[in-house]
file model-v5.cif (mmCIF, C-alpha atoms, pLDDT in the B column; chains and numbers go by the auth columns)
data_protein
loop_
_atom_site.group_PDB
_atom_site.id
_atom_site.type_symbol
_atom_site.label_atom_id
_atom_site.label_comp_id
_atom_site.label_asym_id
_atom_site.label_seq_id
_atom_site.Cartn_x
_atom_site.Cartn_y
_atom_site.Cartn_z
_atom_site.B_iso_or_equiv
_atom_site.auth_seq_id
_atom_site.auth_asym_id
ATOM 1 C CA MET A 1 0.000 0.000 0.000 41.00 1 A
ATOM 2 C CA SER A 2 1.485 3.373 -1.005 53.00 2 A
ATOM 3 C CA ASN A 3 1.768 6.395 1.245 64.00 3 A
ATOM 4 C CA ASN A 4 0.695 9.935 0.492 84.00 4 A
ATOM 5 C CA LEU A 5 2.959 12.738 1.638 93.00 5 A
ATOM 6 C CA LEU A 6 1.271 15.560 3.516 95.00 6 A
ATOM 7 C CA PHE A 7 2.765 19.026 3.926 97.00 7 A
ATOM 8 C CA ALA A 8 2.064 21.819 6.400 96.00 8 A
ATOM 9 C CA ILE A 9 3.743 25.067 7.403 97.00 9 A
ATOM 10 C CA ASP A 10 4.653 26.077 10.946 97.00 10 A
ATOM 11 C CA ILE A 11 4.813 29.852 10.499 95.00 11 A
ATOM 12 C CA HIS A 12 6.213 30.427 13.997 97.00 12 A
ATOM 13 C CA THR A 13 9.333 28.307 13.439 97.00 13 A
ATOM 14 C CA GLU A 14 9.370 28.725 9.622 97.00 14 A
ATOM 15 C CA GLU A 15 9.412 24.982 9.052 98.00 15 A
ATOM 16 C CA VAL A 16 7.741 22.597 6.646 98.00 16 A
ATOM 17 C CA ILE A 17 6.153 19.688 8.470 98.00 17 A
ATOM 18 C CA VAL A 18 6.238 16.514 6.391 97.00 18 A
ATOM 19 C CA SER A 19 3.978 13.590 7.247 97.00 19 A
ATOM 20 C CA GLU A 20 2.593 10.559 5.466 95.00 20 A
ATOM 21 C CA SER A 21 -0.688 8.739 5.409 90.00 21 A
ATOM 22 C CA PRO A 22 -1.151 5.197 4.120 86.00 22 A
ATOM 23 C CA LYS A 23 -3.565 5.240 1.180 84.00 23 A
ATOM 24 C CA GLY A 24 -7.100 4.513 2.346 83.00 24 A
ATOM 25 C CA SER A 25 -6.258 5.298 5.971 84.00 25 A
ATOM 26 C CA ASN A 26 -6.872 8.306 8.178 87.00 26 A
ATOM 27 C CA LYS A 27 -3.724 7.635 10.219 92.00 27 A
ATOM 28 C CA ILE A 28 -0.966 10.260 9.873 93.00 28 A
ATOM 29 C CA ASN A 29 2.699 9.506 10.616 94.00 29 A
ATOM 30 C CA PHE A 30 5.154 12.333 11.216 96.00 30 A
ATOM 31 C CA ILE A 31 8.290 12.184 9.021 96.00 31 A
ATOM 32 C CA GLU A 32 10.287 15.347 9.662 97.00 32 A
ATOM 33 C CA ARG A 33 10.477 19.116 9.975 98.00 33 A
ATOM 34 C CA ILE A 34 12.531 21.066 7.444 97.00 34 A
ATOM 35 C CA HIS A 35 13.703 24.561 8.303 97.00 35 A
ATOM 36 C CA ARG A 36 13.050 27.233 5.711 97.00 36 A
ATOM 37 C CA GLN A 37 16.763 28.013 5.414 97.00 37 A
ATOM 38 C CA ASP A 38 17.456 24.335 4.616 96.00 38 A
ATOM 39 C CA ASN A 39 15.084 24.302 1.623 96.00 39 A
ATOM 40 C CA ASP A 40 13.553 27.680 0.802 97.00 40 A
ATOM 41 C CA ILE A 41 12.052 26.363 -2.453 97.00 41 A
ATOM 42 C CA LEU A 42 10.076 23.646 -0.657 98.00 42 A
ATOM 43 C CA TYR A 43 8.980 26.116 2.023 98.00 43 A
ATOM 44 C CA ASN A 44 7.634 28.550 -0.577 97.00 44 A
ATOM 45 C CA ALA A 45 5.938 25.759 -2.544 98.00 45 A
ATOM 46 C CA VAL A 46 4.129 24.499 0.570 98.00 46 A
ATOM 47 C CA LEU A 47 3.231 28.087 1.468 97.00 47 A
ATOM 48 C CA THR A 48 1.617 28.409 -1.974 96.00 48 A
ATOM 49 C CA LEU A 49 -0.162 25.075 -1.524 96.00 49 A
ATOM 50 C CA THR A 50 -1.518 26.302 1.814 94.00 50 A
ATOM 51 C CA SER A 51 -2.704 29.592 0.323 93.00 51 A
ATOM 52 C CA ILE A 52 -4.612 27.691 -2.390 94.00 52 A
ATOM 53 C CA THR A 53 -6.631 25.907 0.307 91.00 53 A
ATOM 54 C CA LYS A 54 -7.555 29.242 1.885 90.00 54 A
ATOM 55 C CA SER A 55 -9.157 30.517 -1.315 86.00 55 A
ATOM 56 C CA ALA A 56 -12.916 31.057 -1.261 86.00 56 A
ATOM 57 C CA LYS A 57 -13.214 28.892 -4.375 89.00 57 A
ATOM 58 C CA VAL A 58 -10.609 26.111 -4.279 88.00 58 A
ATOM 59 C CA ASP A 59 -9.663 24.806 -7.721 91.00 59 A
ATOM 60 C CA THR A 60 -8.912 21.130 -7.072 93.00 60 A
ATOM 61 C CA ALA A 61 -6.911 20.773 -10.304 95.00 61 A
ATOM 62 C CA VAL A 62 -4.618 23.631 -9.239 95.00 62 A
ATOM 63 C CA PHE A 63 -4.359 22.175 -5.727 95.00 63 A
ATOM 64 C CA LYS A 64 -3.408 18.724 -7.049 95.00 64 A
ATOM 65 C CA ALA A 65 -0.834 20.238 -9.425 96.00 65 A
ATOM 66 C CA MET A 66 0.774 22.273 -6.615 96.00 66 A
ATOM 67 C CA ASP A 67 0.743 19.248 -4.316 96.00 67 A
ATOM 68 C CA LYS A 68 2.561 17.283 -7.016 96.00 68 A
ATOM 69 C CA VAL A 69 5.148 20.105 -7.255 96.00 69 A
ATOM 70 C CA CYS A 70 5.693 19.930 -3.481 97.00 70 A
ATOM 71 C CA GLN A 71 6.114 16.155 -3.642 95.00 71 A
ATOM 72 C CA LEU A 72 8.593 16.447 -6.533 95.00 72 A
ATOM 73 C CA ILE A 73 10.661 19.048 -4.681 96.00 73 A
ATOM 74 C CA TYR A 74 10.675 16.949 -1.496 96.00 74 A
ATOM 75 C CA ASN A 75 11.555 13.715 -3.307 93.00 75 A
ATOM 76 C CA SER A 76 14.301 15.493 -5.245 93.00 76 A
ATOM 77 C CA MET A 77 15.693 16.832 -1.967 91.00 77 A
ATOM 78 C CA LYS A 78 15.746 13.309 -0.561 87.00 78 A
ATOM 79 C CA GLY A 79 17.341 11.870 -3.679 83.00 79 A
ATOM 80 C CA ASN A 80 14.267 9.751 -4.451 56.00 80 A
ATOM 81 C CA LYS A 81 12.698 9.444 -7.866 44.00 81 A
#
call {"tool": "encode", "arguments": {"input": "model-v5.cif", "output": "structure tokens"}}
result
Amino acid sequence: MSNNLLFAIDIHTEEVIVSESPKGSNKINFIERIHRQDNDILYNAVLTLTSITKSAKVDTAVFKAMDKVCQLIYNSMKGNK
């Protein structure tokens, strides 16, 4: 069963919080926190993803595309393909 990466921003510590959730499950497992200065591109991408969810009219296609960008940046950072 594959896992879905979940991203959140802690604005107080300027960190990206990375978690995972097994597909079909509502359980969330913490992976790591990444400081903004360690990966500013990922931080800004997740900030954009978060701002999309705050829109009065969320475009799910745009959200999914930005989520995919965040996942690509994170996997690239980790050396995964």
call {"tool": "resolve_selection", "arguments": {"input": "model-v5.cif", "expression": "the PyMOL selection byres ((chain A and resi 15-20) around 9)", "output": "ChimeraX atom specification"}}
result
/A:3-14,21-22,27-37,42-43,46-47
call {"tool": "atom_distance", "arguments": {"input": "model-v5.cif", "atom1": "CA of Asp38 (chain A)", "atom2": "CA of Met77 (chain A)"}}
result
10.1 Å
call {"tool": "atom_distance", "arguments": {"input": "model-v5.cif", "atom1": "CA of Ala56 (chain A)", "atom2": "CA of Ser25 (chain A)"}}
result
27.6 Å
call {"tool": "axis_aligned_box", "arguments": {"input": "model-v5.cif", "around": "region 42-52 of chain A", "padding_each_side": "4 Å", "output": "AutoDock Vina command-line options"}}
result
--center_x 2.7 --center_y 26.6 --center_z -0.3 --size_x 22.7 --size_y 13.9 --size_z 12.6
call {"tool": "atom_distance", "arguments": {"input": "model-v5.cif", "atom1": "CA of Thr48 (chain A)", "atom2": "CA of Cys70 (chain A)"}}
result
9.5 Å
call {"tool": "closest_residue", "arguments": {"input": "model-v5.cif", "among": "A:Lys78, A:Asn26, A:Ile41, A:Leu49", "to": "Ala61 (chain A)", "atoms": "only C-alpha atoms"}}
result
A:Leu49
call {"tool": "decode", "arguments": {"input": "model-v5.cif", "residues": "region 5-69 of chain A", "atoms": "C-alpha atoms", "output": "compact mmCIF listing (two decimals), in the first residue's frame"}}
result
# COMPACT_ATOMS: atom_id res chain seq x y z
CA LEU A 5 2.96 12.74 1.64
CA LEU A 6 1.27 15.56 3.52
CA PHE A 7 2.77 19.03 3.93
CA ALA A 8 2.06 21.82 6.40
CA ILE A 9 3.74 25.07 7.40
CA ASP A 10 4.65 26.08 10.95
CA ILE A 11 4.81 29.85 10.50
CA HIS A 12 6.21 30.43 14.00
CA THR A 13 9.33 28.31 13.44
CA GLU A 14 9.37 28.73 9.62
CA GLU A 15 9.41 24.98 9.05
CA VAL A 16 7.74 22.60 6.65
CA ILE A 17 6.15 19.69 8.47
CA VAL A 18 6.24 16.51 6.39
CA SER A 19 3.98 13.59 7.25
CA GLU A 20 2.59 10.56 5.47
CA SER A 21 -0.69 8.74 5.41
CA PRO A 22 -1.15 5.20 4.12
CA LYS A 23 -3.57 5.24 1.18
CA GLY A 24 -7.10 4.51 2.35
CA SER A 25 -6.26 5.30 5.97
CA ASN A 26 -6.87 8.31 8.18
CA LYS A 27 -3.72 7.64 10.22
CA ILE A 28 -0.97 10.26 9.87
CA ASN A 29 2.70 9.51 10.62
CA PHE A 30 5.15 12.33 11.22
CA ILE A 31 8.29 12.18 9.02
CA GLU A 32 10.29 15.35 9.66
CA ARG A 33 10.48 19.12 9.98
CA ILE A 34 12.53 21.07 7.44
CA HIS A 35 13.70 24.56 8.30
CA ARG A 36 13.05 27.23 5.71
CA GLN A 37 16.76 28.01 5.41
CA ASP A 38 17.46 24.33 4.62
CA ASN A 39 15.08 24.30 1.62
CA ASP A 40 13.55 27.68 0.80
CA ILE A 41 12.05 26.36 -2.45
CA LEU A 42 10.08 23.65 -0.66
CA TYR A 43 8.98 26.12 2.02
CA ASN A 44 7.63 28.55 -0.58
CA ALA A 45 5.94 25.76 -2.54
CA VAL A 46 4.13 24.50 0.57
CA LEU A 47 3.23 28.09 1.47
CA THR A 48 1.62 28.41 -1.97
CA LEU A 49 -0.16 25.07 -1.52
CA THR A 50 -1.52 26.30 1.81
CA SER A 51 -2.70 29.59 0.32
CA ILE A 52 -4.61 27.69 -2.39
CA THR A 53 -6.63 25.91 0.31
CA LYS A 54 -7.56 29.24 1.88
CA SER A 55 -9.16 30.52 -1.32
CA ALA A 56 -12.92 31.06 -1.26
CA LYS A 57 -13.21 28.89 -4.38
CA VAL A 58 -10.61 26.11 -4.28
CA ASP A 59 -9.66 24.81 -7.72
CA THR A 60 -8.91 21.13 -7.07
CA ALA A 61 -6.91 20.77 -10.30
CA VAL A 62 -4.62 23.63 -9.24
CA PHE A 63 -4.36 22.17 -5.73
CA LYS A 64 -3.41 18.72 -7.05
CA ALA A 65 -0.83 20.24 -9.42
CA MET A 66 0.77 22.27 -6.61
CA ASP A 67 0.74 19.25 -4.32
CA LYS A 68 2.56 17.28 -7.02
CA VAL A 69 5.15 20.10 -7.26
